[in-house]
Amino acid sequence: MFVLKNAWKSVIRNKGRNILIAIIVAIIVATATVGLAIRNASSQIEEEGLQSTTVTAGISIDRSKLISQAKSSSSSSSSSSSEKPDFDSMRKQLSQSSLSLAQYEKYAKASSVGVSTYYSEGTSLDSTTNFQPVESSDSSTSSSSSNSSSSNSSSSSSSSSSSSSDSKSTQGGMGGPGGMASSGDFTLTGFSSDTAVENASNGAFTMTSGKVFGYTSSSDGDVIISSSLADFNDLSVGDTISVKKTIGSSTKTYKLTISGIYKNTSTSSTSAQGPMGGTSQDADNQIYTSVSTLEKLGIDSEASNADDTGTQLSYTYVLGSDDDYNTFVKDVKKAGLSSKYTISSPDVEEYESSLTPMKNLSSFTLTFLLIVLGVGAVILIVLNLFNVRERKYEVGVMTAIGVKKPKVAMQFVVELLIVTMVGLGVGVIGGAVAAKPLSNQLLSSQVSSAQTEQTSQQQQFGRSANMGGAPGSSSSSSSGSSSASGAPSAAPSAPSGNSAPGSSTKATSYISSLNATVNLKVVGELVLIGLILTLISSLVGIIFVMRYEPLQILAERS
Amino acid sequence: MTDASTQTLDATPEVPATAPDAGPTREGIPVLSLDHVSYSYTKGGKKIFHDLSYKFESGKVYAITGPSGAGKTTLLSLLSGLANPTEGEVLKGGANLAKLDRYRFRSHDIGVIFQSFNLLPSLTVAENIILSIDASGKKFDEPKKDMALRMLERVRLKPEYAGERILHLSGGEQQRVAIARALSYEPSIILADEPTGNLDLSTQDDIMDIFKTLAHRENKCVILVTHSPEVASQSDVVFQLAALRKRRPATR
């Protein structure tokens with residue numbers, strides 16, 4: 001009580017000095033608050049990020065490895081004047097390496113953690129006279145014919161490219177059949193389950209009329225088409241459409257029944273790229289059906305291997321969490337997956353790359369925090385040293401009139417504690433107010449620096465990615481991979497893994513906002529920091545007081 | 001001179017024949033005594049006292065006199081428990097002070113008026129007094145503020161001084177505050193180092209009256225360290241310290 005009373009009085013008496021100390025503490029604490037809030041928020045994001053959501057994964061060929069092998073083997077033979085120097089050899093390499101449906105399923109069974117799977121198969125179809133694709137360009141009438149004629153040539157290339165895009169779409173296409181091969185008029189996509197439909201590459205849709213097809217053989221031949229396509233051809237639920245497909249040299253016509261008409265609720269970038277990627281890439285020209293329909297028609301991925309139907313398989317594993325994914329990767333490797341393949345999860349990869357700026361910020365914050373605390377401690381010690389020396393006389397009087405030294409020392413500590421706590425309170429409030437905007441500003445600068453790197457990539461490949469192998473003019477070392485992915489048209493919505501640098505048309509959406517709020521944990525840590533700082537800095541005072549001999553007061557002549 | 005110092009070393013109290021007051025009216029009880037006390041600042045170093053024995057009784061005003069360098073202030077520090085004797089004991093009512101809680105002794109049993117007053121300049125007069133009351137840990141029924149005012153009245157300072165800062169006071173006023181502080185927690189021993197050093201004659205008499213009242217009416221033991229003959233003459237007992245440090249080389 002005596003100590004508290006005196007400490008409080010002393011604090012009140014020395015306003016100027018104590019306000020100065022409180023301000024310094026407040027600045028230190030405010031900085032620490034922001035730092036701790038950022039670290040807290042980011043560690044929370046890192047820990048919880050993918051724990052609660054499912055993670056999708058796919059198996060892909062390490063294409064950059066294969067391509068670089070192919071390139072190095074053929075670099076001497078390829079002439080600089082050739083537009084497409086060595087695609088064939090590269091595609092050959094790639095086509096030999098694609099996995100079949102059975103293989104995918106084998107790995108799913110090898111997993112020790114619960115894994116559900118879905119897949120979709122996509123193939124291109126051509127229009128018939130009574131069923132035309134939606135086209136926005138003026139030359140739609142002529143292009144339909146020229147398109148079909150060009151599709152003859154492209155289908156031959158698609159046969160060779162299909163397998164390469166197969167692997168590509170698997171790798172990128174967790175969201176459905178990412179890359180459709182040749183530029184037909186329509187894309188017919190078979191889905192294995194509702195989950196697969198949900199993850200369709202063109203995003204979510206709603207049914208405007210009718211129902212989504214079933215997955216059993218009883219609903220074979222049922223398809224759903226986009227409302228634009230239905231309107232364009234004046235079709236409604238229950239109508240039959242006929243489409244053509246050229247396999248090798250023979251052309252087959254298929255009849256399909258419209259069981260429903262859908263409308264995309266979220267448009268992906270595909271529709272915007274419609275004219276560039278051919279009409280089959282237009283979101284409106286997507287025909288959805290079940291896998292069993294494709295099987296029945298004989299244009300599924302198994303048939304593709306035999307008949308060159310250009311059907312691509314996109315197989316996706318769904319795992320419960322980030323941890324399950326890591327286990328799955330181990331299990332699959334144990335099950336004998338060749339090192340040519342990589343297991344990747346765009347969810348995890350994208351998530352992790354989206355964390356990069358945040359992690360940078362977090363480590364930067366830690367360094368900064370330690371520096372601030374160190375400097376703060378030194379400043380406080382020095383201030384306290386001067387303070388105590390200045391109050392030597394006071395210590396002498398107090399001890400001479402019989403106040404015990406520990407009490408005097410305690411009074412000094414309590415004084416500093418009062419001041420520190422006031423500074424702490426102000427600092428926490430200031431820091432709490434500043435934490436969110438400041439952390440987001442810091443993060444955004446990190447994000448923008450990370451995006452600058454991506455932008456350069458995007459500018460090089462993003463726009464030309466759908467140009468059907470055109471970017472052969474680029475003589476940079478990455479031209480091979482860019483055209484390899486360019487020829488079978490990139491999956492627009494598929495975030496690329498590291499193995500396919502050219503195919504990214506979408507910047508990774510970095511975590512650009514941190515919920516750096518000050519919670520009880522942060523406040524607790526700050527109080528702890530405050531106490532430690534106070535104790536360290538008052539240690540000087542304690543030592544001074546304890547070493548003071550009251551006899552010295554007789555030598556103190558003020 | 002030689003006689004006086006011999007007397008002192010034999011620790012024979014010298015009761016001056018010139019004591020103006022009637023002297024102690026009742027037999028005093030020894031409250032503080034020196035028992036063969038020697039003191040040196042460094043261990044094995046030069047001794048300031050050698051084998052000093054003396055008894056201070058309650059109800060008397062003692063004047064410790066002696067030339068500069070005789071160790072008056074050192075004796076005060078021993079008596080106030082600021083320092084421990086190198087040899088011998090300072091006894092407080094029979095108990096060795098060195099073994100007692102000397103902080104409690106200082107805050108509780110003895111009121112020291114330092115030569116330089118040692119008041120805290122950042123505190124007001126009343127705060128200085130209350131600080132000592134608080135430090136003593138004694139419980140009083142009266143509010144501390146009232147006690148402080150009463151003490152000021154006793155040293156003949158006006159109540160409006162209570163709120164003044166120490167530095168706004170003259171030397172004589174500070175002296176009175178220091179006395180008021182020493183008296184505030186009602187110690188049984190009052191120890192003063194040159195209590196009249198800064199005061200003019202009339203104030204000196206004033207202060208001496210206070211000390212005499214404390215000793216004779218309130219039965220306190222008042223020990224004054226002084227080189228003033230007036231103060232010594234007004235005291236009940238004069239304890240003369242020899243100039244030990246000066247004398248020793250002379251005898252050798």
# chains A, B, ... in the order shown; residues from 1 in each chain; ligands from 1
>>> interface_residues(of="chain A", to="chain B", cutoff="12 Å", atoms="only C-alpha atoms", output="PyMOL selection string")
chain A and resi 1-7+9-14+391-408+548-558
>>> residues_around(residues="Leu539 of chain A", least_positions_apart="2", cutoff="12 Å", atoms="only C-alpha atoms", output="compact mmCIF listing (two decimals) with C-alpha atoms, in the first residue's frame")
# COMPACT_ATOMS: atom_id res chain seq x y z
CA ALA A 377 14.40 -2.23 -24.31
CA LEU A 380 13.92 2.13 -21.66
CA ILE A 381 17.01 0.92 -19.83
CA VAL A 382 18.88 4.11 -20.63
CA ASN A 384 15.56 4.35 -16.42
CA LEU A 385 19.25 4.58 -15.69
CA VAL A 388 17.42 6.37 -11.08
CA ALA A 409 13.16 -0.71 -5.47
CA MET A 410 9.62 -2.00 -5.66
CA PHE A 412 10.53 2.26 -8.73
CA VAL A 413 9.35 -0.87 -10.49
CA LEU A 416 7.64 2.17 -14.26
CA LEU A 531 6.10 -6.85 -18.17
CA ILE A 532 9.35 -8.23 -19.50
CA LEU A 533 10.38 -4.84 -20.87
CA THR A 534 9.53 -3.21 -17.56
CA LEU A 535 11.42 -5.78 -15.56
CA ILE A 536 14.48 -5.62 -17.80
CA SER A 537 14.59 -1.86 -17.75
CA GLY A 541 17.01 0.65 -10.91
CA ILE A 542 16.72 -2.38 -8.68
CA ILE A 543 20.45 -3.02 -8.80
CA PHE A 544 21.13 0.63 -8.09
CA VAL A 545 18.80 0.78 -5.11
CA MET A 546 19.97 -2.49 -3.65
>>> residues_around(residues="Ala32 of chain A", least_positions_apart="3", cutoff="9 Å", atoms="only C-alpha atoms", output="list in words")
Ile27, Ile28, Val29, Gly35, Leu36, Ala37, Phe368, Leu369, Leu370, Val372, Leu373, Gly427, Val428, Gly431, Leu526 and Ile529 of chain A
>>> write_last_selection(atoms="C-alpha atoms", output="PDB file, in the first residue's frame")
ATOM      1  CA  ILE A  27       5.112   3.365 -29.945  1.00  0.00           C
ATOM      2  CA  ILE A  28       6.893   0.131 -29.198  1.00  0.00           C
ATOM      3  CA  VAL A  29       3.672  -1.542 -28.194  1.00  0.00           C
ATOM      4  CA  GLY A  35       3.391  -7.226 -35.758  1.00  0.00           C
ATOM      5  CA  LEU A  36       1.784  -9.741 -33.474  1.00  0.00           C
ATOM      6  CA  ALA A  37      -1.608  -9.276 -35.070  1.00  0.00           C
ATOM      7  CA  PHE A 368      11.024  -5.916 -37.413  1.00  0.00           C
ATOM      8  CA  LEU A 369       9.323  -6.872 -34.169  1.00  0.00           C
ATOM      9  CA  LEU A 370      12.550  -8.135 -32.642  1.00  0.00           C
ATOM     10  CA  VAL A 372      11.756  -2.750 -32.237  1.00  0.00           C
ATOM     11  CA  LEU A 373      11.662  -4.683 -28.991  1.00  0.00           C
ATOM     12  CA  GLY A 427      -0.256   1.392 -27.781  1.00  0.00           C
ATOM     13  CA  VAL A 428      -2.657  -1.534 -27.952  1.00  0.00           C
ATOM     14  CA  GLY A 431      -2.053  -0.684 -32.770  1.00  0.00           C
ATOM     15  CA  LEU A 526       1.676  -7.720 -25.284  1.00  0.00           C
ATOM     16  CA  ILE A 529       6.125  -8.154 -23.463  1.00  0.00           C
TER      17      ILE A 529
END
>>> residues_around(residues="Ser228 of chain B", least_positions_apart="3", cutoff="12 Å", atoms="only C-alpha atoms", output="ChimeraX atom specification")
/B:63-68,193-199,201,204,208,224-225,231-235,238
>>> write_last_selection(atoms="N, CA, C and O atoms", output="mmCIF file, in the first residue's frame")
data_model
loop_
_atom_site.group_PDB
_atom_site.id
_atom_site.type_symbol
_atom_site.label_atom_id
_atom_site.label_comp_id
_atom_site.auth_asym_id
_atom_site.auth_seq_id
_atom_site.Cartn_x
_atom_site.Cartn_y
_atom_site.Cartn_z
ATOM 1 N N ALA B 63 24.245 16.750 24.518
ATOM 2 C CA ALA B 63 24.975 17.471 23.481
ATOM 3 C C ALA B 63 26.298 16.760 23.257
ATOM 4 O O ALA B 63 27.084 16.602 24.188
ATOM 5 N N ILE B 64 26.489 16.266 22.025
ATOM 6 C CA ILE B 64 27.766 15.654 21.689
ATOM 7 C C ILE B 64 28.603 16.744 21.045
ATOM 8 O O ILE B 64 28.234 17.289 20.005
ATOM 9 N N THR B 65 29.668 17.078 21.667
ATOM 10 C CA THR B 65 30.513 18.145 21.129
ATOM 11 C C THR B 65 31.902 17.602 20.851
ATOM 12 O O THR B 65 32.211 16.465 21.183
ATOM 13 N N GLY B 66 32.665 18.439 20.262
ATOM 14 C CA GLY B 66 34.033 18.045 19.949
ATOM 15 C C GLY B 66 34.498 18.799 18.732
ATOM 16 O O GLY B 66 33.679 19.315 17.966
ATOM 17 N N PRO B 67 35.783 18.888 18.546
ATOM 18 C CA PRO B 67 36.302 19.608 17.378
ATOM 19 C C PRO B 67 36.015 18.866 16.088
ATOM 20 O O PRO B 67 35.643 17.701 16.107
ATOM 21 N N SER B 68 36.180 19.572 14.988
ATOM 22 C CA SER B 68 35.984 18.949 13.677
ATOM 23 C C SER B 68 36.902 17.761 13.546
ATOM 24 O O SER B 68 38.049 17.805 13.975
ATOM 25 N N ASP B 193 21.695 16.448 13.985
ATOM 26 C CA ASP B 193 23.049 16.820 13.584
ATOM 27 C C ASP B 193 23.066 18.318 13.321
ATOM 28 O O ASP B 193 22.434 18.791 12.368
ATOM 29 N N GLU B 194 23.775 19.058 14.161
ATOM 30 C CA GLU B 194 23.848 20.519 14.040
ATOM 31 C C GLU B 194 22.466 21.137 13.808
ATOM 32 O O GLU B 194 22.219 21.767 12.788
ATOM 33 N N PRO B 195 21.552 20.933 14.735
ATOM 34 C CA PRO B 195 20.175 21.375 14.495
ATOM 35 C C PRO B 195 20.021 22.882 14.449
ATOM 36 O O PRO B 195 19.016 23.378 13.969
ATOM 37 N N THR B 196 21.009 23.584 14.925
ATOM 38 C CA THR B 196 20.873 25.039 14.962
ATOM 39 C C THR B 196 21.884 25.719 14.057
ATOM 40 O O THR B 196 22.050 26.931 14.110
ATOM 41 N N GLY B 197 22.503 24.924 13.234
ATOM 42 C CA GLY B 197 23.590 25.435 12.402
ATOM 43 C C GLY B 197 23.178 26.563 11.488
ATOM 44 O O GLY B 197 23.954 27.474 11.220
ATOM 45 N N ASN B 198 21.958 26.545 10.985
ATOM 46 C CA ASN B 198 21.533 27.520 9.996
ATOM 47 C C ASN B 198 20.660 28.616 10.591
ATOM 48 O O ASN B 198 20.068 29.387 9.856
ATOM 49 N N LEU B 199 20.599 28.617 11.914
ATOM 50 C CA LEU B 199 19.592 29.483 12.500
ATOM 51 C C LEU B 199 20.209 30.656 13.253
ATOM 52 O O LEU B 199 21.312 30.565 13.779
ATOM 53 N N LEU B 201 20.035 33.466 16.389
ATOM 54 C CA LEU B 201 19.996 33.177 17.826
ATOM 55 C C LEU B 201 18.593 32.940 18.381
ATOM 56 O O LEU B 201 18.357 31.982 19.108
ATOM 57 N N GLN B 204 17.304 29.737 17.251
ATOM 58 C CA GLN B 204 18.058 28.713 17.965
ATOM 59 C C GLN B 204 17.419 28.402 19.316
ATOM 60 O O GLN B 204 17.171 27.242 19.654
ATOM 61 N N MET B 208 15.716 24.992 20.564
ATOM 62 C CA MET B 208 16.192 24.339 21.783
ATOM 63 C C MET B 208 15.060 24.125 22.776
ATOM 64 O O MET B 208 15.002 23.112 23.462
ATOM 65 N N LEU B 224 21.875 15.727 20.596
ATOM 66 C CA LEU B 224 22.223 16.759 19.631
ATOM 67 C C LEU B 224 23.718 16.704 19.362
ATOM 68 O O LEU B 224 24.517 16.637 20.289
ATOM 69 N N VAL B 225 24.058 16.690 18.106
ATOM 70 C CA VAL B 225 25.467 16.795 17.737
ATOM 71 C C VAL B 225 25.697 18.248 17.375
ATOM 72 O O VAL B 225 25.003 18.788 16.506
ATOM 73 N N VAL B 231 24.306 25.759 22.446
ATOM 74 C CA VAL B 231 23.488 24.549 22.467
ATOM 75 C C VAL B 231 23.971 23.632 23.579
ATOM 76 O O VAL B 231 23.175 23.110 24.367
ATOM 77 N N ALA B 232 25.294 23.497 23.662
ATOM 78 C CA ALA B 232 25.862 22.625 24.698
ATOM 79 C C ALA B 232 25.470 23.125 26.085
ATOM 80 O O ALA B 232 25.115 22.346 26.954
ATOM 81 N N SER B 233 25.473 24.453 26.209
ATOM 82 C CA SER B 233 25.172 24.996 27.528
ATOM 83 C C SER B 233 23.715 24.797 27.911
ATOM 84 O O SER B 233 23.381 24.743 29.090
ATOM 85 N N GLN B 234 22.846 24.698 26.902
ATOM 86 C CA GLN B 234 21.433 24.506 27.205
ATOM 87 C C GLN B 234 21.064 23.036 27.399
ATOM 88 O O GLN B 234 19.942 22.703 27.749
ATOM 89 N N SER B 235 22.026 22.142 27.103
ATOM 90 C CA SER B 235 21.726 20.716 27.206
ATOM 91 C C SER B 235 21.872 20.258 28.643
ATOM 92 O O SER B 235 22.496 20.914 29.472
ATOM 93 N N VAL B 238 26.573 17.061 28.498
ATOM 94 C CA VAL B 238 27.478 17.267 27.360
ATOM 95 C C VAL B 238 28.434 16.093 27.282
ATOM 96 O O VAL B 238 29.052 15.715 28.264
#
>>> atom_distance(atom1="atom CA of Gln451 of chain A", atom2="atom CA of Val433 of chain A")
27.9 Å
>>> closest_residue(among="A:Thr279, A:Ser259, A:Thr54, A:Gln103", to="Tyr325 of chain A", atoms="only C-alpha atoms")
A:Thr54
>>> residues_around(residues="Thr53 of chain A", least_positions_apart="3", cutoff="12 Å", atoms="only C-alpha atoms", output="compact mmCIF listing (two decimals) with all heavy atoms, in the first residue's frame")
# COMPACT_ATOMS: atom_id res chain seq x y z
N GLU A 48 -5.23 -23.04 -40.54
CA GLU A 48 -6.62 -23.43 -40.75
C GLU A 48 -7.02 -23.46 -42.20
O GLU A 48 -8.02 -24.06 -42.56
CB GLU A 48 -7.54 -22.46 -40.00
CG GLU A 48 -7.39 -22.58 -38.50
CD GLU A 48 -8.07 -21.44 -37.78
OE1 GLU A 48 -8.77 -20.66 -38.45
OE2 GLU A 48 -7.89 -21.34 -36.56
N GLY A 49 -6.21 -22.81 -43.02
CA GLY A 49 -6.57 -22.60 -44.41
C GLY A 49 -7.24 -23.76 -45.10
O GLY A 49 -8.37 -23.67 -45.56
N LEU A 50 -6.53 -24.89 -45.19
CA LEU A 50 -7.06 -25.99 -45.97
C LEU A 50 -7.51 -27.14 -45.08
O LEU A 50 -7.77 -28.23 -45.56
CB LEU A 50 -5.99 -26.48 -46.96
CG LEU A 50 -5.69 -25.54 -48.12
CD1 LEU A 50 -4.58 -26.06 -48.96
CD2 LEU A 50 -6.92 -25.32 -48.97
N THR A 56 -8.41 -30.95 -53.88
CA THR A 56 -8.41 -31.80 -55.06
C THR A 56 -6.99 -31.96 -55.56
O THR A 56 -6.16 -31.08 -55.40
CB THR A 56 -9.27 -31.19 -56.17
OG1 THR A 56 -8.76 -29.91 -56.47
CG2 THR A 56 -10.72 -31.09 -55.74
N VAL A 318 -10.33 -36.23 -54.71
CA VAL A 318 -10.79 -35.27 -53.71
C VAL A 318 -10.39 -35.77 -52.33
O VAL A 318 -10.72 -36.90 -51.96
CB VAL A 318 -12.32 -35.08 -53.77
CG1 VAL A 318 -12.75 -34.02 -52.76
CG2 VAL A 318 -12.74 -34.69 -55.15
N LEU A 319 -9.67 -34.95 -51.62
CA LEU A 319 -9.18 -35.35 -50.31
C LEU A 319 -9.73 -34.43 -49.23
O LEU A 319 -10.07 -33.28 -49.49
CB LEU A 319 -7.65 -35.31 -50.30
CG LEU A 319 -7.07 -36.37 -51.24
CD1 LEU A 319 -5.96 -35.81 -52.05
CD2 LEU A 319 -6.64 -37.60 -50.47
N GLY A 320 -9.79 -34.99 -48.05
CA GLY A 320 -10.43 -34.28 -46.93
C GLY A 320 -9.72 -33.02 -46.50
O GLY A 320 -10.34 -32.03 -46.13
N SER A 321 -8.41 -33.04 -46.56
CA SER A 321 -7.68 -31.87 -46.06
C SER A 321 -6.28 -31.84 -46.64
O SER A 321 -5.86 -32.74 -47.37
CB SER A 321 -7.59 -31.93 -44.54
OG SER A 321 -6.73 -32.96 -44.15
N ASP A 322 -5.60 -30.82 -46.28
CA ASP A 322 -4.22 -30.62 -46.68
C ASP A 322 -3.35 -31.81 -46.24
O ASP A 322 -2.52 -32.31 -47.01
CB ASP A 322 -3.74 -29.34 -45.98
CG ASP A 322 -2.58 -28.71 -46.69
OD1 ASP A 322 -2.23 -29.22 -47.77
OD2 ASP A 322 -2.06 -27.71 -46.19
N ASP A 323 -3.57 -32.24 -45.02
CA ASP A 323 -2.78 -33.35 -44.49
C ASP A 323 -3.04 -34.63 -45.26
O ASP A 323 -2.12 -35.39 -45.58
CB ASP A 323 -3.11 -33.58 -43.01
CG ASP A 323 -2.64 -32.44 -42.13
OD1 ASP A 323 -1.75 -31.69 -42.60
OD2 ASP A 323 -3.15 -32.29 -41.02
N ASP A 324 -4.35 -34.85 -45.54
CA ASP A 324 -4.71 -36.04 -46.32
C ASP A 324 -4.01 -36.02 -47.68
O ASP A 324 -3.58 -37.05 -48.18
CB ASP A 324 -6.23 -36.09 -46.53
CG ASP A 324 -6.94 -36.58 -45.29
OD1 ASP A 324 -6.25 -36.82 -44.29
OD2 ASP A 324 -8.18 -36.71 -45.33
N TYR A 325 -3.92 -34.85 -48.24
CA TYR A 325 -3.27 -34.72 -49.54
C TYR A 325 -1.82 -35.18 -49.46
O TYR A 325 -1.34 -35.93 -50.30
CB TYR A 325 -3.35 -33.26 -50.01
CG TYR A 325 -2.45 -32.94 -51.18
CD1 TYR A 325 -2.70 -33.48 -52.44
CD2 TYR A 325 -1.35 -32.11 -51.01
CE1 TYR A 325 -1.86 -33.19 -53.51
CE2 TYR A 325 -0.52 -31.82 -52.07
CZ TYR A 325 -0.78 -32.36 -53.32
OH TYR A 325 0.06 -32.09 -54.36
N ASP A 347 -5.28 -26.77 -55.77
CA ASP A 347 -5.79 -26.12 -54.56
C ASP A 347 -4.65 -25.78 -53.63
O ASP A 347 -4.50 -24.66 -53.16
CB ASP A 347 -6.76 -27.05 -53.81
CG ASP A 347 -8.06 -27.22 -54.55
OD1 ASP A 347 -8.25 -26.46 -55.53
OD2 ASP A 347 -8.85 -28.09 -54.18
N VAL A 348 -3.83 -26.82 -53.36
CA VAL A 348 -2.74 -26.63 -52.43
C VAL A 348 -1.71 -25.66 -53.00
O VAL A 348 -1.24 -24.75 -52.33
CB VAL A 348 -2.09 -27.98 -52.08
CG1 VAL A 348 -0.84 -27.77 -51.25
CG2 VAL A 348 -3.07 -28.85 -51.33
N TYR A 351 -3.05 -22.30 -53.19
CA TYR A 351 -3.17 -21.79 -51.84
C TYR A 351 -1.81 -21.39 -51.30
O TYR A 351 -1.62 -20.33 -50.74
CB TYR A 351 -3.81 -22.84 -50.94
CG TYR A 351 -4.09 -22.32 -49.57
CD1 TYR A 351 -5.12 -21.42 -49.36
CD2 TYR A 351 -3.30 -22.68 -48.49
CE1 TYR A 351 -5.37 -20.91 -48.12
CE2 TYR A 351 -3.56 -22.18 -47.24
CZ TYR A 351 -4.59 -21.29 -47.06
OH TYR A 351 -4.83 -20.77 -45.82
>>> select_by_dssp(residues="segment 81-212 of chain B", states="helix (DSSP H, G or I)", output="mmCIF file with C-alpha atoms, in the first residue's frame")
data_model
loop_
_atom_site.group_PDB
_atom_site.id
_atom_site.type_symbol
_atom_site.label_atom_id
_atom_site.label_comp_id
_atom_site.auth_asym_id
_atom_site.auth_seq_id
_atom_site.Cartn_x
_atom_site.Cartn_y
_atom_site.Cartn_z
ATOM 1 C CA LEU B 97 21.366 -2.848 17.226
ATOM 2 C CA ALA B 98 23.507 -4.592 14.613
ATOM 3 C CA LYS B 99 21.352 -7.686 15.039
ATOM 4 C CA ARG B 102 17.928 -1.257 11.599
ATOM 5 C CA TYR B 103 15.467 -0.044 8.941
ATOM 6 C CA ARG B 104 12.656 -0.563 11.416
ATOM 7 C CA PHE B 105 14.732 1.114 14.103
ATOM 8 C CA ARG B 106 15.223 4.157 11.896
ATOM 9 C CA SER B 107 11.652 4.374 10.742
ATOM 10 C CA HIS B 108 10.119 3.547 14.095
ATOM 11 C CA ASP B 109 12.232 4.308 17.131
ATOM 12 C CA VAL B 125 6.138 20.041 3.371
ATOM 13 C CA ALA B 126 3.124 17.966 4.380
ATOM 14 C CA GLU B 127 4.066 15.164 1.976
ATOM 15 C CA ASN B 128 7.549 14.967 3.462
ATOM 16 C CA ILE B 129 6.085 14.590 6.928
ATOM 17 C CA ILE B 130 3.437 12.098 5.838
ATOM 18 C CA LEU B 131 6.077 10.044 4.032
ATOM 19 C CA SER B 132 7.850 9.495 7.339
ATOM 20 C CA ILE B 133 4.608 8.659 9.095
ATOM 21 C CA ASP B 134 3.823 6.132 6.372
ATOM 22 C CA ALA B 135 7.318 4.707 6.486
ATOM 23 C CA SER B 136 7.094 4.129 10.235
ATOM 24 C CA LYS B 144 -2.072 12.026 8.726
ATOM 25 C CA LYS B 145 -2.746 15.433 7.263
ATOM 26 C CA ASP B 146 -3.885 16.712 10.643
ATOM 27 C CA MET B 147 -0.830 15.189 12.272
ATOM 28 C CA ALA B 148 1.412 16.971 9.807
ATOM 29 C CA LEU B 149 -0.315 20.262 10.553
ATOM 30 C CA ARG B 150 0.010 19.672 14.271
ATOM 31 C CA MET B 151 3.732 18.996 13.877
ATOM 32 C CA LEU B 152 4.150 22.184 11.869
ATOM 33 C CA GLU B 153 2.404 24.101 14.597
ATOM 34 C CA ARG B 154 4.753 22.575 17.082
ATOM 35 C CA PRO B 159 -0.350 25.855 8.408
ATOM 36 C CA GLU B 160 -0.077 27.433 4.951
ATOM 37 C CA TYR B 161 3.424 25.989 4.728
ATOM 38 C CA ALA B 162 1.922 22.520 4.432
ATOM 39 C CA GLY B 163 1.396 22.803 0.700
ATOM 40 C CA ILE B 166 10.691 22.375 0.177
ATOM 41 C CA LEU B 167 12.792 24.501 -2.146
ATOM 42 C CA HIS B 168 10.562 27.503 -1.522
ATOM 43 C CA GLY B 171 17.120 27.179 5.629
ATOM 44 C CA GLY B 172 15.562 27.832 9.022
ATOM 45 C CA GLU B 173 12.154 26.802 7.746
ATOM 46 C CA GLN B 174 13.560 23.646 6.230
ATOM 47 C CA GLN B 175 15.206 22.910 9.549
ATOM 48 C CA ARG B 176 11.852 23.159 11.272
ATOM 49 C CA VAL B 177 10.247 20.904 8.705
ATOM 50 C CA ALA B 178 13.022 18.376 9.247
ATOM 51 C CA ILE B 179 12.349 18.506 12.976
ATOM 52 C CA ALA B 180 8.612 18.217 12.400
ATOM 53 C CA ARG B 181 9.279 15.177 10.211
ATOM 54 C CA ALA B 182 11.476 13.586 12.867
ATOM 55 C CA LEU B 183 8.834 14.129 15.523
ATOM 56 C CA SER B 184 5.856 13.137 13.424
ATOM 57 C CA LEU B 201 19.996 33.177 17.826
ATOM 58 C CA SER B 202 16.304 33.674 18.532
ATOM 59 C CA THR B 203 15.349 30.758 16.307
ATOM 60 C CA GLN B 204 18.058 28.713 17.965
ATOM 61 C CA ASP B 205 16.451 29.279 21.316
ATOM 62 C CA ASP B 206 13.105 28.416 19.842
ATOM 63 C CA ILE B 207 14.393 25.102 18.575
ATOM 64 C CA MET B 208 16.192 24.339 21.783
ATOM 65 C CA ASP B 209 12.956 24.938 23.663
ATOM 66 C CA ILE B 210 11.300 22.340 21.491
ATOM 67 C CA PHE B 211 14.016 19.801 22.239
ATOM 68 C CA LYS B 212 13.926 20.497 25.932
#
>>> closest_residue(among="A:Leu101, A:Ala450, A:Ala434, A:Val422", to="Ile23 of chain A", atoms="only C-alpha atoms")
A:Val422
>>> residues_around(residues="Phe205 of chain A", least_positions_apart="2", cutoff="7 Å", atoms="only C-alpha atoms", output="short mmCIF file (atom, residue, chain, number, x, y, z; two decimals) with N, CA and C atoms, in the first residue's frame")
data_model
loop_
_atom_site.label_atom_id
_atom_site.label_comp_id
_atom_site.auth_asym_id
_atom_site.auth_seq_id
_atom_site.Cartn_x
_atom_site.Cartn_y
_atom_site.Cartn_z
N GLY A 203 -17.53 -23.18 -64.77
CA GLY A 203 -18.08 -22.63 -63.54
C GLY A 203 -19.48 -23.15 -63.27
N MET A 207 -30.04 -24.54 -63.74
CA MET A 207 -30.91 -25.07 -64.78
C MET A 207 -32.05 -24.09 -64.99
N TYR A 262 -29.24 -25.12 -69.32
CA TYR A 262 -28.63 -24.46 -68.16
C TYR A 262 -28.15 -23.07 -68.52
N LYS A 263 -27.91 -22.35 -67.49
CA LYS A 263 -27.37 -20.99 -67.66
C LYS A 263 -26.20 -20.85 -66.71
N ASN A 264 -25.09 -20.42 -67.26
CA ASN A 264 -23.91 -20.24 -66.41
C ASN A 264 -24.14 -19.09 -65.43
N THR A 265 -23.86 -19.37 -64.19
CA THR A 265 -23.99 -18.29 -63.20
C THR A 265 -22.68 -17.55 -63.01
N SER A 266 -21.63 -18.31 -63.14
CA SER A 266 -20.34 -17.62 -63.07
C SER A 266 -19.63 -17.86 -64.39
#
>>> atom_distance(atom1="atom CA of Lys15 of chain A", atom2="atom CA of Gly376 of chain A")
20.3 Å
